[in-house]
Amino acid sequence: MLWRASHNAIPTLCNLQRRNVVQVTLYSRCKLGNEDIIHALWSCPCLFADWSKDDELIKLLRYKFLQFSDLLGMAFSMRDRIYLNLLVICFWLIWTKRNLDKLGEAFVDLCRIRTKVMTLFHEFQTTLPPQNWVQALVPQVVRWIPPISPSLKINFDGATFNEIGIAGIYRCCSS
């Protein structure tokens, strides 16, 4: 969804009008602007409650972005101050709410989107293994050293064949 939004490829009313699918582009949620990607996902006044809970996002609201990719570029440049994963989940939930509203289906109120984002992100994090469980596999070079004479090294491999009811053993000796 984020890639499609940054390439102006989601079906907003402005994009649909360009393809002669709809005539009216006024955003039904606020009736204050045309439904383009920036307005629907970022600058609609109805979303201010979600963005106003974060000081860094309030700073971003001061800019007038013409394209969603410009907003993303600025957000990525501030990645040390903005938690991008939460922002992206917010965009996805806002777009989902917009689509479900058009279908007349119930979804989270806009003022509760941020709370829903935190819940979803917490659920995701609890499914991840703890950091101390994740170990990097370091390849180790194993070098075969022949046994010291008069010792022998004997390897056995076995196999069973259930379909025909037999088993086999292979023996290899080395000195």
# chains A, B, ... in the order shown; residues from 1 in each chain; ligands from 1

call {"tool": "closest_atom_pairs", "arguments": {"of": "range 93-162 of chain A", "to": "range 40-56 of chain A", "cutoff": "12 Å", "atoms": "only C-alpha atoms", "output": "Markdown table"}}
result
| residue | atom | partner | partner_atom | distance |
| --- | --- | --- | --- | --- |
| A:Leu93 | CA | A:Leu41 | CA | 9.4 |
| A:Ile94 | CA | A:Leu41 | CA | 6.4 |
| A:Trp95 | CA | A:Leu41 | CA | 6.8 |
| A:Thr96 | CA | A:Leu41 | CA | 10.4 |
| A:Lys97 | CA | A:Ala40 | CA | 10.5 |
| A:Arg98 | CA | A:Ala40 | CA | 8.1 |
| A:Asn99 | CA | A:Ala40 | CA | 10.9 |
| A:Asp109 | CA | A:Cys46 | CA | 10.5 |
| A:Leu110 | CA | A:Leu47 | CA | 6.8 |
| A:Cys111 | CA | A:Ala49 | CA | 5.9 |
| A:Arg112 | CA | A:Asp50 | CA | 7.7 |
| A:Ile113 | CA | A:Asp50 | CA | 6.9 |
| A:Arg114 | CA | A:Asp50 | CA | 5.9 |
| A:Thr115 | CA | A:Asp50 | CA | 9.1 |
| A:Lys116 | CA | A:Asp50 | CA | 10.9 |
| A:Val117 | CA | A:Asp50 | CA | 10.4 |
| A:Met118 | CA | A:Asp50 | CA | 11.9 |

call {"tool": "select_by_dssp", "arguments": {"residues": "range 44-114 of chain A", "states": "helix (DSSP H, G or I)", "output": "PyMOL selection string"}}
result
chain A and resi 45-51+55-61+68-77+84-103+110-114

call {"tool": "closest_residue", "arguments": {"among": "A:Ile82, A:Leu57, A:Met74, A:Ile37", "to": "Asn15 in chain A", "atoms": "only C-alpha atoms"}}
result
A:Ile37

call {"tool": "closest_atom_pairs", "arguments": {"of": "range 3-110 of chain A", "to": "range 119-125 of chain A", "cutoff": "12 Å", "atoms": "only C-alpha atoms", "output": "Markdown table"}}
result
| residue | atom | partner | partner_atom | distance |
| --- | --- | --- | --- | --- |
| A:Tyr83 | CA | A:Phe121 | CA | 11.4 |
| A:Leu84 | CA | A:Phe121 | CA | 11.7 |
| A:Asn85 | CA | A:Phe121 | CA | 8.4 |
| A:Leu86 | CA | A:Phe121 | CA | 7.3 |
| A:Leu87 | CA | A:Phe121 | CA | 10.8 |
| A:Val88 | CA | A:Phe121 | CA | 10.9 |
| A:Ile89 | CA | A:Phe121 | CA | 8.2 |
| A:Cys90 | CA | A:Leu120 | CA | 10.3 |
| A:Trp92 | CA | A:Leu120 | CA | 11.7 |
| A:Leu93 | CA | A:Leu120 | CA | 10.4 |

call {"tool": "residues_around", "arguments": {"residues": "Gln23 in chain A", "least_positions_apart": "5", "cutoff": "10 Å", "atoms": "only C-alpha atoms", "output": "list in words"}}
result
Leu13, Cys14, Leu16, Gln17 and Arg18 of chain A

call {"tool": "write_last_selection", "arguments": {"atoms": "all heavy atoms", "output": "tab-separated table (two decimals), in the first residue's frame"}}
result
chain	number	residue	atom	x	y	z
A	13	LEU	N	-10.39	9.51	-5.29
A	13	LEU	CA	-11.36	10.10	-6.22
A	13	LEU	C	-10.66	10.93	-7.30
A	13	LEU	O	-11.10	10.93	-8.45
A	13	LEU	CB	-12.38	10.94	-5.46
A	13	LEU	CG	-13.34	10.15	-4.56
A	13	LEU	CD1	-14.26	11.09	-3.79
A	13	LEU	CD2	-14.14	9.14	-5.37
A	14	CYS	N	-9.57	11.61	-6.95
A	14	CYS	CA	-8.83	12.38	-7.97
A	14	CYS	C	-8.25	11.46	-9.04
A	14	CYS	O	-8.33	11.77	-10.23
A	14	CYS	CB	-7.72	13.19	-7.30
A	14	CYS	SG	-8.33	14.60	-6.36
A	16	LEU	N	-9.42	8.49	-9.82
A	16	LEU	CA	-10.54	7.93	-10.55
A	16	LEU	C	-11.13	8.95	-11.54
A	16	LEU	O	-11.57	8.58	-12.62
A	16	LEU	CB	-11.61	7.42	-9.59
A	16	LEU	CG	-11.21	6.21	-8.74
A	16	LEU	CD1	-12.27	5.90	-7.71
A	16	LEU	CD2	-10.95	5.00	-9.63
A	17	GLN	N	-11.12	10.22	-11.17
A	17	GLN	CA	-11.62	11.25	-12.08
A	17	GLN	C	-10.71	11.36	-13.31
A	17	GLN	O	-11.19	11.53	-14.43
A	17	GLN	CB	-11.70	12.60	-11.38
A	17	GLN	CG	-12.27	13.69	-12.28
A	17	GLN	CD	-12.17	15.06	-11.68
A	17	GLN	OE1	-11.13	15.41	-11.11
A	17	GLN	NE2	-13.23	15.86	-11.83
A	18	ARG	N	-9.40	11.26	-13.10
A	18	ARG	CA	-8.47	11.30	-14.23
A	18	ARG	C	-8.73	10.17	-15.22
A	18	ARG	O	-8.44	10.29	-16.40
A	18	ARG	CB	-7.03	11.19	-13.71
A	18	ARG	CG	-6.31	12.50	-13.71
A	18	ARG	CD	-4.81	12.35	-13.55
A	18	ARG	NE	-4.37	11.47	-12.50
A	18	ARG	CZ	-4.20	11.82	-11.22
A	18	ARG	NH1	-4.47	13.06	-10.85
A	18	ARG	NH2	-3.78	10.96	-10.34
